[in-house]
Amino acid sequence: MPVYEGTGAEQMAIDNWLLDQHVKGLQPPMLRFYTWRSPTLSLGYHQRQFPEAWKMLQWQGQPIDLVRRPTGGRAVLHQGDLTYALILSGLKGSRREIYRQLCQFLIEGFNSLGVSLSFGEAGRGYIHNPNCFGTATAADLVMDDGYKLIGSAQVYREGCVLQHGSIRLQPDTELFEKVFGEVLSPPRLPASLFGSEVGPEVAPEAMTSGIRCIADSLLKAAGASFEHRFAQQPLTLSEVQDALSTYQIALERGSK
């Protein structure tokens, strides 16, 4: 399964563009996986209040990108994670029920890899916490030990839905604490996924192999869950450029 690596602006623009294409009937249901070229903070579409220091964050001498998602929710630090984006239409039920429908492939896919996941429950501090991973909600998936592995968010557009989410695999604990002021440990994932326990010692090659393994398993689970065969088709350069220009216009309109 191809995993697209790009900047934060590219990834958010592509998700938004693909949703618009699906709304117009120009693209079928879509599932894609991607990683981030450099550490990035993505803000929820309506998240207007966040620490001023986030605009000046750096990691290993490089600035941390700050982007806005087309979906709601709170800030997510994208570093050492795999992100998925799922676009569908024709779903029935409440938004809570649709969340559970769309998350089922994540549960089944990770179960096939030996990782048991269940839905979280929002804690009292959720409303005031700018950090998406600071607490789990009914839209998030946690491991048996309570570790929040996947945080997801949605946006609806003319009967179509985009749900994307971050799968936290190998977060840099010092960076996470620097951004959110909270102590974090890596998830306890099966050693078989990466050839060793996930942690600072995992080689880049092992992480890349593990990410591909996870993406393949989730793709297979999604095909069964949604009874749809997702074609593996990379985006063209012109499509990425179109997505970037379209999303920039949308952001400018939203800021007025």
# chains A, B, ... in the order shown; residues from 1 in each chain; ligands from 1
call {"tool": "residues_around", "arguments": {"residues": "stretch 45-55 of chain A", "least_positions_apart": "4", "cutoff": "6 Å", "atoms": "only C-alpha atoms", "output": "PyMOL selection string"}}
result
chain A and resi 68-72
call {"tool": "write_last_selection", "arguments": {"atoms": "C-alpha atoms", "output": "PDB file, in the first residue's frame"}}
result
ATOM      1  CA  ARG A  68      -5.262  23.966   9.941  1.00  0.00           C
ATOM      2  CA  ARG A  69      -7.291  20.848   9.222  1.00  0.00           C
ATOM      3  CA  PRO A  70     -10.578  20.887   7.281  1.00  0.00           C
ATOM      4  CA  THR A  71     -11.999  18.849  10.187  1.00  0.00           C
ATOM      5  CA  GLY A  72     -12.835  19.757  13.762  1.00  0.00           C
TER       6      GLY A  72
END
call {"tool": "select_by_dssp", "arguments": {"residues": "stretch 92-214 of chain A", "states": "alpha helix (DSSP H)", "output": "short mmCIF file (atom, residue, chain, number, x, y, z; two decimals) with N, CA, C and O atoms, in the first residue's frame"}}
result
data_model
loop_
_atom_site.label_atom_id
_atom_site.label_comp_id
_atom_site.auth_asym_id
_atom_site.auth_seq_id
_atom_site.Cartn_x
_atom_site.Cartn_y
_atom_site.Cartn_z
N ARG A 95 -24.06 11.20 14.05
CA ARG A 95 -22.62 11.36 13.83
C ARG A 95 -21.83 10.41 14.72
O ARG A 95 -20.79 9.90 14.31
N ARG A 96 -22.32 10.17 15.92
CA ARG A 96 -21.64 9.23 16.81
C ARG A 96 -21.67 7.83 16.21
O ARG A 96 -20.67 7.11 16.22
N GLU A 97 -22.83 7.45 15.64
CA GLU A 97 -22.95 6.13 15.03
C GLU A 97 -22.06 6.00 13.80
O GLU A 97 -21.44 4.95 13.56
N ILE A 98 -21.97 7.08 13.02
CA ILE A 98 -21.12 7.04 11.82
C ILE A 98 -19.65 6.95 12.21
O ILE A 98 -18.87 6.24 11.57
N TYR A 99 -19.24 7.66 13.27
CA TYR A 99 -17.88 7.52 13.79
C TYR A 99 -17.57 6.04 14.05
O TYR A 99 -16.52 5.52 13.67
N ARG A 100 -18.49 5.39 14.73
CA ARG A 100 -18.26 3.99 15.11
C ARG A 100 -18.21 3.10 13.87
O ARG A 100 -17.43 2.15 13.81
N GLN A 101 -19.04 3.41 12.87
CA GLN A 101 -19.01 2.64 11.63
C GLN A 101 -17.65 2.79 10.93
O GLN A 101 -17.06 1.81 10.48
N LEU A 102 -17.19 4.03 10.85
CA LEU A 102 -15.96 4.30 10.11
C LEU A 102 -14.71 3.83 10.85
O LEU A 102 -13.68 3.58 10.23
N CYS A 103 -14.80 3.73 12.16
CA CYS A 103 -13.64 3.28 12.94
C CYS A 103 -13.52 1.76 12.98
O CYS A 103 -12.48 1.24 13.42
N GLN A 104 -14.54 1.07 12.51
CA GLN A 104 -14.53 -0.38 12.64
C GLN A 104 -13.37 -1.02 11.89
O GLN A 104 -12.77 -1.99 12.34
N PHE A 105 -13.02 -0.45 10.72
CA PHE A 105 -11.91 -1.04 9.97
C PHE A 105 -10.59 -0.88 10.71
O PHE A 105 -9.69 -1.72 10.57
N LEU A 106 -10.47 0.19 11.49
CA LEU A 106 -9.26 0.38 12.29
C LEU A 106 -9.17 -0.68 13.38
O LEU A 106 -8.10 -1.25 13.63
N ILE A 107 -10.29 -0.94 14.02
CA ILE A 107 -10.33 -1.96 15.07
C ILE A 107 -9.99 -3.33 14.50
O ILE A 107 -9.16 -4.07 15.04
N GLU A 108 -10.62 -3.67 13.38
CA GLU A 108 -10.41 -4.99 12.79
C GLU A 108 -9.00 -5.12 12.21
O GLU A 108 -8.37 -6.18 12.31
N GLY A 109 -8.52 -4.05 11.58
CA GLY A 109 -7.18 -4.10 11.01
C GLY A 109 -6.11 -4.28 12.06
O GLY A 109 -5.18 -5.10 11.89
N PHE A 110 -6.20 -3.55 13.16
CA PHE A 110 -5.20 -3.70 14.23
C PHE A 110 -5.38 -5.02 14.98
O PHE A 110 -4.39 -5.59 15.46
N ASN A 111 -6.61 -5.50 15.05
CA ASN A 111 -6.82 -6.80 15.69
C ASN A 111 -6.09 -7.89 14.94
O ASN A 111 -5.52 -8.82 15.54
N THR A 173 9.15 11.73 22.79
CA THR A 173 8.57 12.11 24.08
C THR A 173 8.98 13.51 24.52
O THR A 173 8.19 14.25 25.11
N GLU A 174 10.23 13.90 24.22
CA GLU A 174 10.69 15.24 24.60
C GLU A 174 9.96 16.32 23.81
O GLU A 174 9.59 17.37 24.36
N LEU A 175 9.74 16.07 22.53
CA LEU A 175 9.03 17.04 21.71
C LEU A 175 7.58 17.17 22.17
O LEU A 175 7.04 18.27 22.28
N PHE A 176 6.95 16.04 22.46
CA PHE A 176 5.56 16.07 22.91
C PHE A 176 5.42 16.87 24.20
O PHE A 176 4.51 17.69 24.36
N GLU A 177 6.35 16.66 25.13
CA GLU A 177 6.30 17.40 26.39
C GLU A 177 6.57 18.88 26.16
O GLU A 177 5.98 19.75 26.82
N LYS A 178 7.45 19.20 25.23
CA LYS A 178 7.75 20.60 24.91
C LYS A 178 6.52 21.31 24.36
O LYS A 178 6.26 22.48 24.70
N VAL A 179 5.75 20.63 23.54
CA VAL A 179 4.58 21.24 22.91
C VAL A 179 3.41 21.33 23.88
O VAL A 179 2.78 22.38 24.02
N PHE A 180 3.11 20.22 24.56
CA PHE A 180 1.89 20.16 25.35
C PHE A 180 2.12 20.22 26.87
O PHE A 180 1.16 20.31 27.63
N ALA A 191 6.26 -6.46 19.00
CA ALA A 191 7.60 -6.35 18.43
C ALA A 191 7.62 -6.84 16.98
O ALA A 191 8.43 -6.37 16.17
N SER A 192 6.71 -7.75 16.64
CA SER A 192 6.70 -8.32 15.29
C SER A 192 6.39 -7.28 14.21
O SER A 192 6.75 -7.46 13.05
N LEU A 193 5.76 -6.17 14.60
CA LEU A 193 5.43 -5.14 13.62
C LEU A 193 6.66 -4.44 13.08
O LEU A 193 6.73 -4.08 11.91
N PHE A 194 7.64 -4.23 13.96
CA PHE A 194 8.80 -3.44 13.59
C PHE A 194 10.12 -4.21 13.74
O PHE A 194 11.18 -3.65 13.51
N PRO A 204 15.00 3.51 11.18
CA PRO A 204 14.06 4.06 10.19
C PRO A 204 13.54 3.01 9.23
O PRO A 204 12.36 3.05 8.86
N GLU A 205 14.41 2.07 8.83
CA GLU A 205 13.96 1.02 7.91
C GLU A 205 12.89 0.15 8.54
O GLU A 205 11.92 -0.24 7.88
N ALA A 206 13.06 -0.16 9.83
CA ALA A 206 12.07 -0.98 10.53
C ALA A 206 10.75 -0.23 10.67
O ALA A 206 9.67 -0.81 10.54
N MET A 207 10.82 1.08 10.93
CA MET A 207 9.60 1.88 11.05
C MET A 207 8.87 1.95 9.71
O MET A 207 7.64 1.81 9.66
N THR A 208 9.61 2.14 8.63
CA THR A 208 8.99 2.18 7.30
C THR A 208 8.30 0.87 6.98
O THR A 208 7.18 0.84 6.46
N SER A 209 8.97 -0.24 7.29
CA SER A 209 8.39 -1.56 7.05
C SER A 209 7.13 -1.76 7.90
O SER A 209 6.12 -2.29 7.41
N GLY A 210 7.17 -1.32 9.15
CA GLY A 210 6.02 -1.45 10.03
C GLY A 210 4.84 -0.63 9.55
O GLY A 210 3.70 -1.07 9.60
N ILE A 211 5.11 0.57 9.08
CA ILE A 211 4.05 1.44 8.57
C ILE A 211 3.37 0.80 7.36
O ILE A 211 2.14 0.82 7.24
N ARG A 212 4.16 0.23 6.47
CA ARG A 212 3.58 -0.44 5.30
C ARG A 212 2.73 -1.63 5.71
O ARG A 212 1.65 -1.87 5.14
N CYS A 213 3.19 -2.36 6.70
CA CYS A 213 2.45 -3.52 7.20
C CYS A 213 1.10 -3.08 7.77
O CYS A 213 0.07 -3.70 7.51
N ILE A 214 1.11 -2.00 8.55
CA ILE A 214 -0.12 -1.48 9.15
C ILE A 214 -1.07 -1.00 8.06
O ILE A 214 -2.27 -1.30 8.07
#
call {"tool": "atom_distance", "arguments": {"atom1": "atom CA of A:Tyr4", "atom2": "atom CA of A:Gly159"}}
result
26.7 Å
call {"tool": "closest_residue", "arguments": {"among": "A:His164, A:His22, A:Arg37, A:Arg157", "to": "A:Ala9", "atoms": "only C-alpha atoms"}}
result
A:Arg37
call {"tool": "residues_around", "arguments": {"residues": "A:Asp15", "least_positions_apart": "4", "cutoff": "7 Å", "atoms": "only C-alpha atoms", "output": "list in words"}}
result
Gln11, Leu19 and Ala85 of chain A
call {"tool": "write_last_selection", "arguments": {"atoms": "all heavy atoms", "output": "PDB file, in the first residue's frame"}}
result
ATOM      1  N   GLN A  11      -0.817  17.764   2.766  1.00  0.00           N
ATOM      2  CA  GLN A  11      -1.700  16.700   3.255  1.00  0.00           C
ATOM      3  C   GLN A  11      -3.109  17.215   3.525  1.00  0.00           C
ATOM      4  O   GLN A  11      -4.099  16.575   3.161  1.00  0.00           O
ATOM      5  CB  GLN A  11      -1.114  16.067   4.523  1.00  0.00           C
ATOM      6  CG  GLN A  11       0.300  15.526   4.387  1.00  0.00           C
ATOM      7  CD  GLN A  11       0.411  14.346   3.431  1.00  0.00           C
ATOM      8  OE1 GLN A  11      -0.416  14.142   2.552  1.00  0.00           O
ATOM      9  NE2 GLN A  11       1.460  13.548   3.600  1.00  0.00           N
ATOM     10  N   LEU A  19     -12.170  15.278  -0.893  1.00  0.00           N
ATOM     11  CA  LEU A  19     -13.555  15.332  -0.429  1.00  0.00           C
ATOM     12  C   LEU A  19     -14.413  16.103  -1.428  1.00  0.00           C
ATOM     13  O   LEU A  19     -15.520  15.663  -1.782  1.00  0.00           O
ATOM     14  CB  LEU A  19     -13.621  15.987   0.954  1.00  0.00           C
ATOM     15  CG  LEU A  19     -15.030  16.218   1.519  1.00  0.00           C
ATOM     16  CD1 LEU A  19     -15.800  14.899   1.631  1.00  0.00           C
ATOM     17  CD2 LEU A  19     -14.953  16.918   2.883  1.00  0.00           C
ATOM     18  N   ALA A  85      -6.853   8.800   5.875  1.00  0.00           N
ATOM     19  CA  ALA A  85      -7.963   9.658   5.467  1.00  0.00           C
ATOM     20  C   ALA A  85      -8.963   8.795   4.714  1.00  0.00           C
ATOM     21  O   ALA A  85      -8.606   8.112   3.747  1.00  0.00           O
ATOM     22  CB  ALA A  85      -7.477  10.806   4.592  1.00  0.00           C
TER      23      ALA A  85
END
call {"tool": "atom_distance", "arguments": {"atom1": "atom CA of A:Gly8", "atom2": "atom CA of A:Pro29"}}
result
22.5 Å
call {"tool": "residues_around", "arguments": {"residues": "stretch 234-238 of chain A", "least_positions_apart": "2", "cutoff": "10 Å", "atoms": "only C-alpha atoms", "output": "PyMOL selection string"}}
result
chain A and resi 2-4+14+32+231-232+240-244
call {"tool": "write_last_selection", "arguments": {"atoms": "N, CA, C and O atoms", "output": "tab-separated table (two decimals), in the first residue's frame"}}
result
chain	number	residue	atom	x	y	z
A	2	PRO	N	0.75	2.14	-1.01
A	2	PRO	CA	1.56	3.35	-1.03
A	2	PRO	C	1.23	4.26	0.15
A	2	PRO	O	0.07	4.43	0.52
A	3	VAL	N	2.27	4.85	0.74
A	3	VAL	CA	2.10	5.80	1.84
A	3	VAL	C	2.74	7.11	1.38
A	3	VAL	O	3.94	7.18	1.16
A	4	TYR	N	1.93	8.15	1.23
A	4	TYR	CA	2.40	9.41	0.67
A	4	TYR	C	3.05	10.26	1.75
A	4	TYR	O	2.45	10.51	2.80
A	14	ILE	N	-4.82	18.06	0.18
A	14	ILE	CA	-5.22	16.87	-0.58
A	14	ILE	C	-6.49	16.27	0.02
A	14	ILE	O	-7.41	15.90	-0.72
A	32	ARG	N	-6.69	6.74	1.99
A	32	ARG	CA	-5.27	6.94	1.74
A	32	ARG	C	-4.53	7.02	3.07
A	32	ARG	O	-5.11	7.33	4.12
A	231	ALA	N	-8.95	1.25	-5.02
A	231	ALA	CA	-7.88	1.15	-6.02
A	231	ALA	C	-6.64	1.90	-5.52
A	231	ALA	O	-6.75	2.96	-4.90
A	232	GLN	N	-5.47	1.35	-5.78
A	232	GLN	CA	-4.22	1.99	-5.39
A	232	GLN	C	-3.74	2.86	-6.55
A	232	GLN	O	-3.20	2.37	-7.54
A	240	VAL	N	-1.98	17.52	-6.99
A	240	VAL	CA	-1.49	18.09	-5.73
A	240	VAL	C	-1.47	19.61	-5.81
A	240	VAL	O	-1.88	20.30	-4.87
A	241	GLN	N	-1.03	20.17	-6.93
A	241	GLN	CA	-0.99	21.62	-7.10
A	241	GLN	C	-2.39	22.21	-7.09
A	241	GLN	O	-2.63	23.28	-6.50
A	242	ASP	N	-3.33	21.53	-7.73
A	242	ASP	CA	-4.72	21.99	-7.74
A	242	ASP	C	-5.29	21.97	-6.33
A	242	ASP	O	-6.00	22.89	-5.91
A	243	ALA	N	-4.96	20.91	-5.58
A	243	ALA	CA	-5.43	20.80	-4.20
A	243	ALA	C	-4.89	21.93	-3.34
A	243	ALA	O	-5.63	22.53	-2.54
A	244	LEU	N	-3.62	22.26	-3.49
A	244	LEU	CA	-3.01	23.33	-2.70
A	244	LEU	C	-3.64	24.69	-2.99
A	244	LEU	O	-3.95	25.45	-2.06
call {"tool": "select_by_dssp", "arguments": {"residues": "stretch 4-231 of chain A", "states": "strand (DSSP E or B)", "output": "PyMOL selection string"}}
result
chain A and resi 4-6+30-36+40-43+58-59+62-63+65-68+75-78+81-89+117-119+131+141-143+148-157+160-168
call {"tool": "residues_around", "arguments": {"residues": "A:Pro171", "least_positions_apart": "5", "cutoff": "7 Å", "atoms": "only C-alpha atoms", "output": "list in words"}}
result
Gln79, Gly80, Asp81 and Pro186 of chain A
call {"tool": "residues_around", "arguments": {"residues": "A:Leu162", "least_positions_apart": "4", "cutoff": "6 Å", "atoms": "only C-alpha atoms", "output": "PyMOL selection string"}}
result
chain A and resi 86-87+154-155
call {"tool": "write_last_selection", "arguments": {"atoms": "C-alpha atoms", "output": "tab-separated table (two decimals), in the first residue's frame"}}
result
chain	number	residue	atom	x	y	z
A	86	LEU	CA	-11.27	7.99	4.60
A	87	ILE	CA	-13.91	9.58	2.34
A	154	GLN	CA	-14.57	14.50	10.72
A	155	VAL	CA	-16.10	17.04	8.37
call {"tool": "residues_around", "arguments": {"residues": "A:Gly6", "least_positions_apart": "5", "cutoff": "10 Å", "atoms": "only C-alpha atoms", "output": "list in words"}}
result
Gln11, Met12, Tyr34, Thr35, Trp36, Arg37 and Ser38 of chain A
call {"tool": "write_last_selection", "arguments": {"atoms": "all heavy atoms", "output": "mmCIF file, in the first residue's frame"}}
result
data_model
loop_
_atom_site.group_PDB
_atom_site.id
_atom_site.type_symbol
_atom_site.label_atom_id
_atom_site.label_comp_id
_atom_site.auth_asym_id
_atom_site.auth_seq_id
_atom_site.Cartn_x
_atom_site.Cartn_y
_atom_site.Cartn_z
ATOM 1 N N GLN A 11 -0.817 17.764 2.766
ATOM 2 C CA GLN A 11 -1.700 16.700 3.255
ATOM 3 C C GLN A 11 -3.109 17.215 3.525
ATOM 4 O O GLN A 11 -4.099 16.575 3.161
ATOM 5 C CB GLN A 11 -1.114 16.067 4.523
ATOM 6 C CG GLN A 11 0.300 15.526 4.387
ATOM 7 C CD GLN A 11 0.411 14.346 3.431
ATOM 8 O OE1 GLN A 11 -0.416 14.142 2.552
ATOM 9 N NE2 GLN A 11 1.460 13.548 3.600
ATOM 10 N N MET A 12 -3.217 18.365 4.175
ATOM 11 C CA MET A 12 -4.541 18.912 4.462
ATOM 12 C C MET A 12 -5.244 19.346 3.180
ATOM 13 O O MET A 12 -6.461 19.162 3.026
ATOM 14 C CB MET A 12 -4.427 20.079 5.435
ATOM 15 C CG MET A 12 -3.891 19.700 6.811
ATOM 16 S SD MET A 12 -4.873 18.425 7.674
ATOM 17 C CE MET A 12 -4.038 16.896 7.146
ATOM 18 N N TYR A 34 -0.787 8.459 4.876
ATOM 19 C CA TYR A 34 0.328 9.369 4.638
ATOM 20 C C TYR A 34 1.124 9.633 5.907
ATOM 21 O O TYR A 34 0.652 9.417 7.023
ATOM 22 C CB TYR A 34 -0.147 10.679 4.007
ATOM 23 C CG TYR A 34 -1.247 11.429 4.718
ATOM 24 C CD1 TYR A 34 -0.968 12.382 5.695
ATOM 25 C CD2 TYR A 34 -2.583 11.233 4.364
ATOM 26 C CE1 TYR A 34 -1.972 13.120 6.307
ATOM 27 C CE2 TYR A 34 -3.600 11.956 4.975
ATOM 28 C CZ TYR A 34 -3.292 12.898 5.940
ATOM 29 O OH TYR A 34 -4.297 13.619 6.547
ATOM 30 N N THR A 35 2.349 10.106 5.683
ATOM 31 C CA THR A 35 3.230 10.536 6.761
ATOM 32 C C THR A 35 3.633 11.980 6.488
ATOM 33 O O THR A 35 3.344 12.532 5.428
ATOM 34 C CB THR A 35 4.476 9.646 6.872
ATOM 35 O OG1 THR A 35 5.163 9.629 5.601
ATOM 36 C CG2 THR A 35 4.112 8.221 7.254
ATOM 37 N N TRP A 36 4.328 12.577 7.446
ATOM 38 C CA TRP A 36 4.627 14.002 7.418
ATOM 39 C C TRP A 36 6.120 14.226 7.205
ATOM 40 O O TRP A 36 6.947 13.637 7.890
ATOM 41 C CB TRP A 36 4.158 14.640 8.719
ATOM 42 C CG TRP A 36 2.711 14.332 8.995
ATOM 43 C CD1 TRP A 36 2.186 13.109 9.373
ATOM 44 C CD2 TRP A 36 1.599 15.210 8.868
ATOM 45 N NE1 TRP A 36 0.828 13.193 9.495
ATOM 46 C CE2 TRP A 36 0.433 14.473 9.202
ATOM 47 C CE3 TRP A 36 1.489 16.559 8.529
ATOM 48 C CZ2 TRP A 36 -0.829 15.036 9.187
ATOM 49 C CZ3 TRP A 36 0.214 17.120 8.525
ATOM 50 C CH2 TRP A 36 -0.923 16.369 8.845
ATOM 51 N N ARG A 37 6.435 15.089 6.249
ATOM 52 C CA ARG A 37 7.831 15.317 5.886
ATOM 53 C C ARG A 37 8.642 15.884 7.054
ATOM 54 O O ARG A 37 9.835 15.639 7.182
ATOM 55 C CB ARG A 37 7.897 16.254 4.682
ATOM 56 C CG ARG A 37 9.281 16.376 4.057
ATOM 57 C CD ARG A 37 9.175 16.991 2.680
ATOM 58 N NE ARG A 37 8.410 16.133 1.781
ATOM 59 C CZ ARG A 37 7.834 16.558 0.651
ATOM 60 N NH1 ARG A 37 7.909 17.837 0.315
ATOM 61 N NH2 ARG A 37 7.171 15.710 -0.118
ATOM 62 N N SER A 38 7.995 16.653 7.894
ATOM 63 C CA SER A 38 8.634 17.213 9.082
ATOM 64 C C SER A 38 7.569 17.338 10.160
ATOM 65 O O SER A 38 6.364 17.337 9.863
ATOM 66 C CB SER A 38 9.256 18.581 8.763
ATOM 67 O OG SER A 38 8.258 19.492 8.341
#
